[in-house]
Every structure is written in structure tokens, then in C-alpha cells.
Amino acid sequence: MTEKRVRADKQGREGEAEAARWLQDQGWEVLAQRVKTKQGEIDLIARKDALVAFVEVKWRRRIADLATAIDEYRLARVAAAVEMVAHDYVGPADDMRIDVILLAPGAFPRHIANAWMP
């Protein structure tokens, strides 16, 4: 792995940890982090009451770059990964959704609830 990729991976892990702490402060229980599937990775899985959120976390160095941090292609990959593991986290009486949390230095976390609706 290149030095640049190592730095990016480290920053991604730190961003995911920050997002997990922020979700917990908002009353969510973080069930899992970095869940890997054949379709891709789910950064966070969190529960609040009867709602399970599969969360994509994006961290950027500049606030301005957050506007392009997530797109339909990336969300479709997360959705495909969710399909593979949802049964492990979502019960028959639960609702589920795919959320995004955007992070940048000096910015309050931006939580986009229900970001993917095919």
C-alpha cells in the first residue's frame, strides 16, 4: 500500500470512529463497524429503537469537498452490501435505512438520513 493510501485509510478509520461517537451522542447504539461483504464494506451499523441504519461515512480535508463525497454509484454499492447482511441486524418489526455522515475539520457532522431510496 502506498504512503498516501495508508494515510487515507487511517483518516477513514478516524472519521468512522468520530461518526460512531457522534451517533452514540445522538442516542444510537453502534452495532458494528467496517462490515465487509463480497459487495463492499458498510462503515457503521447502528440502531435507535426499532430503526437500523447502515451508515456510509465520508471524511474530507475541506468542507467544500463534502458536496461531492457521495454519489449514487457509492450508495448503490453500500445498498448491495446491506442486502447481504441486513438479515443479521434487522428484525421482523424493525425498519431500516441507509444513511450518510459527512465529516470535515471544523465542520459539524452532517447526517443525511435515508440517503438511498432506489
# chains A, B, ... in the order shown; residues from 1 in each chain; ligands from 1

$ residues_around --residues "Gln24 (chain A)" --least-positions-apart "3" --cutoff "12 Å" --atoms "only C-alpha atoms" --output "PyMOL selection string"
chain A and resi 17-21+27-31+44-48

$ residues_around --residues "region 101-117 of chain A" --least-positions-apart "3" --cutoff "12 Å" --atoms "only C-alpha atoms" --output "PyMOL selection string"
chain A and resi 11-12+14-23+25-26+43-44+51-80+82+95-98

$ write_last_selection --atoms "N, CA and C atoms" --output "short mmCIF file (atom, residue, chain, number, x, y, z; two decimals), in the first residue's frame"
data_model
loop_
_atom_site.label_atom_id
_atom_site.label_comp_id
_atom_site.auth_asym_id
_atom_site.auth_seq_id
_atom_site.Cartn_x
_atom_site.Cartn_y
_atom_site.Cartn_z
N GLN A 11 -7.12 7.98 8.05
CA GLN A 11 -8.08 9.07 8.22
C GLN A 11 -9.51 8.54 8.14
N GLY A 12 -9.74 7.56 7.26
CA GLY A 12 -11.06 6.96 7.15
C GLY A 12 -11.47 6.28 8.43
N GLU A 14 -10.35 6.98 11.44
CA GLU A 14 -10.58 8.02 12.44
C GLU A 14 -11.94 8.69 12.22
N GLY A 15 -12.29 8.92 10.95
CA GLY A 15 -13.60 9.50 10.63
C GLY A 15 -14.74 8.59 11.06
N GLU A 16 -14.58 7.30 10.82
CA GLU A 16 -15.61 6.34 11.23
C GLU A 16 -15.76 6.31 12.75
N ALA A 17 -14.66 6.39 13.47
CA ALA A 17 -14.72 6.42 14.94
C ALA A 17 -15.41 7.70 15.41
N GLU A 18 -15.11 8.83 14.76
CA GLU A 18 -15.76 10.09 15.11
C GLU A 18 -17.27 10.01 14.84
N ALA A 19 -17.64 9.44 13.70
CA ALA A 19 -19.05 9.30 13.35
C ALA A 19 -19.75 8.37 14.34
N ALA A 20 -19.09 7.31 14.76
CA ALA A 20 -19.68 6.38 15.74
C ALA A 20 -19.93 7.10 17.07
N ARG A 21 -18.96 7.88 17.52
CA ARG A 21 -19.14 8.64 18.77
C ARG A 21 -20.29 9.63 18.64
N TRP A 22 -20.37 10.30 17.48
CA TRP A 22 -21.43 11.28 17.26
C TRP A 22 -22.80 10.59 17.29
N LEU A 23 -22.91 9.43 16.62
CA LEU A 23 -24.18 8.69 16.64
C LEU A 23 -24.55 8.29 18.07
N ASP A 25 -23.75 9.80 20.80
CA ASP A 25 -24.19 11.02 21.48
C ASP A 25 -25.63 11.38 21.10
N GLN A 26 -26.08 10.93 19.91
CA GLN A 26 -27.44 11.20 19.45
C GLN A 26 -28.42 10.10 19.88
N ASP A 43 -19.64 0.96 6.60
CA ASP A 43 -18.81 1.61 7.61
C ASP A 43 -19.35 1.41 9.02
N LEU A 44 -20.64 1.69 9.22
CA LEU A 44 -21.25 1.57 10.55
C LEU A 44 -22.65 0.98 10.42
N LEU A 51 -35.25 1.08 14.62
CA LEU A 51 -34.67 1.53 13.34
C LEU A 51 -33.20 1.13 13.29
N VAL A 52 -32.84 0.46 12.21
CA VAL A 52 -31.44 0.09 11.99
C VAL A 52 -30.94 0.92 10.80
N ALA A 53 -29.84 1.63 11.01
CA ALA A 53 -29.24 2.44 9.96
C ALA A 53 -27.91 1.84 9.55
N PHE A 54 -27.74 1.69 8.25
CA PHE A 54 -26.47 1.26 7.66
C PHE A 54 -25.84 2.56 7.16
N VAL A 55 -24.68 2.90 7.72
CA VAL A 55 -24.15 4.25 7.57
C VAL A 55 -22.85 4.26 6.77
N GLU A 56 -22.84 5.07 5.72
CA GLU A 56 -21.63 5.34 4.95
C GLU A 56 -21.03 6.62 5.52
N VAL A 57 -19.74 6.58 5.86
CA VAL A 57 -19.06 7.74 6.43
C VAL A 57 -18.06 8.27 5.41
N LYS A 58 -18.11 9.56 5.17
CA LYS A 58 -17.16 10.20 4.26
C LYS A 58 -16.48 11.35 4.98
N TRP A 59 -15.15 11.34 4.96
CA TRP A 59 -14.35 12.39 5.57
C TRP A 59 -13.56 13.07 4.46
N ARG A 60 -13.53 14.38 4.48
CA ARG A 60 -12.75 15.16 3.52
C ARG A 60 -11.96 16.22 4.27
N ARG A 61 -10.82 16.60 3.68
CA ARG A 61 -9.96 17.61 4.31
C ARG A 61 -10.60 18.99 4.30
N ARG A 62 -11.41 19.26 3.28
CA ARG A 62 -12.03 20.59 3.15
C ARG A 62 -13.55 20.45 3.14
N ILE A 63 -14.21 21.36 3.83
CA ILE A 63 -15.68 21.35 3.88
C ILE A 63 -16.26 21.39 2.47
N ALA A 64 -15.66 22.16 1.59
CA ALA A 64 -16.16 22.31 0.22
C ALA A 64 -16.18 20.98 -0.52
N ASP A 65 -15.29 20.06 -0.17
CA ASP A 65 -15.22 18.77 -0.86
C ASP A 65 -16.32 17.80 -0.43
N LEU A 66 -17.04 18.12 0.63
CA LEU A 66 -18.10 17.23 1.09
C LEU A 66 -19.24 17.14 0.07
N ALA A 67 -19.44 18.19 -0.71
CA ALA A 67 -20.54 18.21 -1.68
C ALA A 67 -20.42 17.10 -2.71
N THR A 68 -19.20 16.64 -2.97
CA THR A 68 -19.01 15.59 -3.98
C THR A 68 -18.50 14.28 -3.36
N ALA A 69 -18.59 14.16 -2.05
CA ALA A 69 -18.05 12.98 -1.37
C ALA A 69 -18.90 11.73 -1.58
N ILE A 70 -20.16 11.90 -1.87
CA ILE A 70 -21.05 10.74 -2.01
C ILE A 70 -21.87 10.90 -3.29
N ASP A 71 -22.08 9.79 -3.95
CA ASP A 71 -22.87 9.83 -5.19
C ASP A 71 -23.70 8.56 -5.30
N GLU A 72 -24.50 8.49 -6.32
CA GLU A 72 -25.41 7.35 -6.50
C GLU A 72 -24.64 6.03 -6.63
N TYR A 73 -23.53 6.05 -7.34
CA TYR A 73 -22.72 4.83 -7.51
C TYR A 73 -22.26 4.29 -6.16
N ARG A 74 -21.70 5.17 -5.32
CA ARG A 74 -21.22 4.73 -4.00
C ARG A 74 -22.38 4.22 -3.13
N LEU A 75 -23.50 4.91 -3.19
CA LEU A 75 -24.64 4.48 -2.39
C LEU A 75 -25.19 3.14 -2.89
N ALA A 76 -25.16 2.91 -4.19
CA ALA A 76 -25.62 1.63 -4.74
C ALA A 76 -24.73 0.49 -4.24
N ARG A 77 -23.44 0.74 -4.13
CA ARG A 77 -22.53 -0.29 -3.59
C ARG A 77 -22.83 -0.59 -2.13
N VAL A 78 -23.11 0.46 -1.36
CA VAL A 78 -23.48 0.25 0.05
C VAL A 78 -24.78 -0.55 0.11
N ALA A 79 -25.75 -0.19 -0.72
CA ALA A 79 -27.04 -0.90 -0.72
C ALA A 79 -26.85 -2.38 -1.05
N ALA A 80 -25.98 -2.69 -1.98
CA ALA A 80 -25.71 -4.09 -2.33
C ALA A 80 -25.10 -4.82 -1.15
N VAL A 82 -25.52 -4.00 2.01
CA VAL A 82 -26.57 -4.09 3.02
C VAL A 82 -27.46 -5.31 2.76
N ASP A 95 -37.50 -1.24 11.17
CA ASP A 95 -37.33 -0.51 9.91
C ASP A 95 -35.84 -0.40 9.66
N MET A 96 -35.46 -0.16 8.42
CA MET A 96 -34.05 0.03 8.10
C MET A 96 -33.90 1.11 7.06
N ARG A 97 -32.70 1.70 7.03
CA ARG A 97 -32.41 2.71 6.03
C ARG A 97 -30.90 2.82 5.86
N ILE A 98 -30.51 3.52 4.80
CA ILE A 98 -29.10 3.79 4.54
C ILE A 98 -28.88 5.28 4.75
#

$ select_by_dssp --residues "region 17-116 of chain A" --states "strand (DSSP E)" --output "ChimeraX atom specification"
/A:29-37,40-48,51-59,95-103,110-112

$ atom_distance --atom1 "CA of Ala81 (chain A)" --atom2 "CA of Lys10 (chain A)"
22.1 Å

$ select_by_dssp --residues "region 21-69 of chain A" --states "alpha helix (DSSP H)" --output "PyMOL selection string"
chain A and resi 21-25

$ atom_distance --atom1 "CA of Ala93 (chain A)" --atom2 "CA of Ala50 (chain A)"
7.0 Å

$ atom_distance --atom1 "CA of Arg7 (chain A)" --atom2 "CA of Val35 (chain A)"
20.5 Å

$ decode --residues "region 5-115 of chain A" --atoms "C-alpha atoms" --output "mmCIF file, in the first residue's frame"
data_model
loop_
_atom_site.group_PDB
_atom_site.id
_atom_site.type_symbol
_atom_site.label_atom_id
_atom_site.label_comp_id
_atom_site.auth_asym_id
_atom_site.auth_seq_id
_atom_site.Cartn_x
_atom_site.Cartn_y
_atom_site.Cartn_z
ATOM 1 C CA ARG A 5 -3.254 5.179 0.679
ATOM 2 C CA VAL A 6 -2.100 4.339 4.225
ATOM 3 C CA ARG A 7 -2.801 7.945 5.301
ATOM 4 C CA ALA A 8 -6.234 7.867 3.636
ATOM 5 C CA ASP A 9 -7.110 4.568 5.311
ATOM 6 C CA LYS A 10 -6.015 5.909 8.708
ATOM 7 C CA GLN A 11 -8.079 9.066 8.223
ATOM 8 C CA GLY A 12 -11.058 6.961 7.145
ATOM 9 C CA ARG A 13 -10.836 4.880 10.317
ATOM 10 C CA GLU A 14 -10.584 8.019 12.442
ATOM 11 C CA GLY A 15 -13.597 9.504 10.628
ATOM 12 C CA GLU A 16 -15.610 6.340 11.229
ATOM 13 C CA ALA A 17 -14.717 6.424 14.935
ATOM 14 C CA GLU A 18 -15.760 10.091 15.107
ATOM 15 C CA ALA A 19 -19.053 9.298 13.354
ATOM 16 C CA ALA A 20 -19.678 6.383 15.735
ATOM 17 C CA ARG A 21 -19.139 8.637 18.768
ATOM 18 C CA TRP A 22 -21.431 11.280 17.259
ATOM 19 C CA LEU A 23 -24.179 8.691 16.641
ATOM 20 C CA GLN A 24 -23.859 7.431 20.218
ATOM 21 C CA ASP A 25 -24.189 11.020 21.477
ATOM 22 C CA GLN A 26 -27.436 11.198 19.446
ATOM 23 C CA GLY A 27 -28.830 8.112 21.204
ATOM 24 C CA TRP A 28 -27.831 5.426 18.683
ATOM 25 C CA GLU A 29 -26.272 2.103 19.623
ATOM 26 C CA VAL A 30 -23.446 1.204 17.245
ATOM 27 C CA LEU A 31 -23.864 -2.491 16.438
ATOM 28 C CA ALA A 32 -20.923 -2.968 14.074
ATOM 29 C CA GLN A 33 -18.113 -1.166 12.288
ATOM 30 C CA ARG A 34 -16.422 -1.935 8.969
ATOM 31 C CA VAL A 35 -18.600 -4.863 7.985
ATOM 32 C CA LYS A 36 -17.063 -6.434 4.889
ATOM 33 C CA THR A 37 -19.097 -8.311 2.268
ATOM 34 C CA LYS A 38 -18.429 -9.529 -1.267
ATOM 35 C CA GLN A 39 -20.318 -6.442 -2.479
ATOM 36 C CA GLY A 40 -18.343 -3.922 -0.436
ATOM 37 C CA GLU A 41 -17.996 -2.532 3.044
ATOM 38 C CA ILE A 42 -20.520 -0.971 5.404
ATOM 39 C CA ASP A 43 -18.810 1.614 7.609
ATOM 40 C CA LEU A 44 -21.249 1.569 10.545
ATOM 41 C CA ILE A 45 -24.412 -0.245 11.530
ATOM 42 C CA ALA A 46 -26.420 1.479 14.248
ATOM 43 C CA ARG A 47 -29.747 1.020 15.995
ATOM 44 C CA LYS A 48 -32.106 3.512 17.601
ATOM 45 C CA ASP A 49 -35.286 1.928 18.916
ATOM 46 C CA ALA A 50 -36.766 -0.144 16.059
ATOM 47 C CA LEU A 51 -34.674 1.525 13.344
ATOM 48 C CA VAL A 52 -31.438 0.095 11.990
ATOM 49 C CA ALA A 53 -29.244 2.440 9.960
ATOM 50 C CA PHE A 54 -26.471 1.264 7.657
ATOM 51 C CA VAL A 55 -24.151 4.254 7.568
ATOM 52 C CA GLU A 56 -21.629 5.341 4.948
ATOM 53 C CA VAL A 57 -19.055 7.743 6.431
ATOM 54 C CA LYS A 58 -17.159 10.204 4.255
ATOM 55 C CA TRP A 59 -14.346 12.392 5.565
ATOM 56 C CA ARG A 60 -12.755 15.157 3.517
ATOM 57 C CA ARG A 61 -9.964 17.613 4.309
ATOM 58 C CA ARG A 62 -12.029 20.586 3.152
ATOM 59 C CA ILE A 63 -15.679 21.353 3.878
ATOM 60 C CA ALA A 64 -16.165 22.308 0.222
ATOM 61 C CA ASP A 65 -15.222 18.765 -0.859
ATOM 62 C CA LEU A 66 -18.099 17.230 1.088
ATOM 63 C CA ALA A 67 -20.541 18.214 -1.677
ATOM 64 C CA THR A 68 -19.010 15.587 -3.976
ATOM 65 C CA ALA A 69 -18.051 12.982 -1.367
ATOM 66 C CA ILE A 70 -21.051 10.739 -2.012
ATOM 67 C CA ASP A 71 -22.866 9.834 -5.185
ATOM 68 C CA GLU A 72 -25.407 7.350 -6.499
ATOM 69 C CA TYR A 73 -22.724 4.835 -7.509
ATOM 70 C CA ARG A 74 -21.219 4.728 -3.998
ATOM 71 C CA LEU A 75 -24.644 4.475 -2.388
ATOM 72 C CA ALA A 76 -25.618 1.630 -4.735
ATOM 73 C CA ARG A 77 -22.526 -0.288 -3.592
ATOM 74 C CA VAL A 78 -23.479 0.250 0.046
ATOM 75 C CA ALA A 79 -27.040 -0.899 -0.724
ATOM 76 C CA ALA A 80 -25.715 -4.085 -2.334
ATOM 77 C CA ALA A 81 -23.589 -4.783 0.753
ATOM 78 C CA VAL A 82 -26.575 -4.094 3.022
ATOM 79 C CA GLU A 83 -28.647 -6.682 1.155
ATOM 80 C CA MET A 84 -26.064 -9.308 2.071
ATOM 81 C CA VAL A 85 -26.111 -8.669 5.847
ATOM 82 C CA ALA A 86 -29.394 -6.943 6.711
ATOM 83 C CA HIS A 87 -30.899 -10.204 7.973
ATOM 84 C CA ASP A 88 -28.177 -10.330 10.645
ATOM 85 C CA TYR A 89 -29.176 -6.943 12.126
ATOM 86 C CA VAL A 90 -32.789 -6.180 11.195
ATOM 87 C CA GLY A 91 -35.643 -7.986 12.922
ATOM 88 C CA PRO A 92 -39.166 -8.503 11.572
ATOM 89 C CA ALA A 93 -40.541 -5.472 13.469
ATOM 90 C CA ASP A 94 -37.614 -3.183 12.553
ATOM 91 C CA ASP A 95 -37.331 -0.510 9.913
ATOM 92 C CA MET A 96 -34.046 0.025 8.105
ATOM 93 C CA ARG A 97 -32.406 2.714 6.027
ATOM 94 C CA ILE A 98 -29.098 3.790 4.543
ATOM 95 C CA ASP A 99 -27.633 6.998 5.976
ATOM 96 C CA VAL A 100 -24.549 9.067 5.234
ATOM 97 C CA ILE A 101 -22.424 11.054 7.661
ATOM 98 C CA LEU A 102 -20.147 13.694 6.147
ATOM 99 C CA LEU A 103 -17.163 14.943 8.156
ATOM 100 C CA ALA A 104 -14.510 17.626 7.653
ATOM 101 C CA PRO A 105 -12.234 19.520 10.043
ATOM 102 C CA GLY A 106 -14.070 22.453 11.585
ATOM 103 C CA ALA A 107 -17.490 21.288 10.397
ATOM 104 C CA PHE A 108 -20.315 19.844 12.472
ATOM 105 C CA PRO A 109 -21.100 16.294 11.285
ATOM 106 C CA ARG A 110 -23.743 16.314 8.541
ATOM 107 C CA HIS A 111 -26.121 13.362 8.912
ATOM 108 C CA ILE A 112 -28.138 12.561 5.797
ATOM 109 C CA ALA A 113 -30.913 10.220 6.899
ATOM 110 C CA ASN A 114 -32.383 7.820 4.345
ATOM 111 C CA ALA A 115 -29.855 8.851 1.698
#
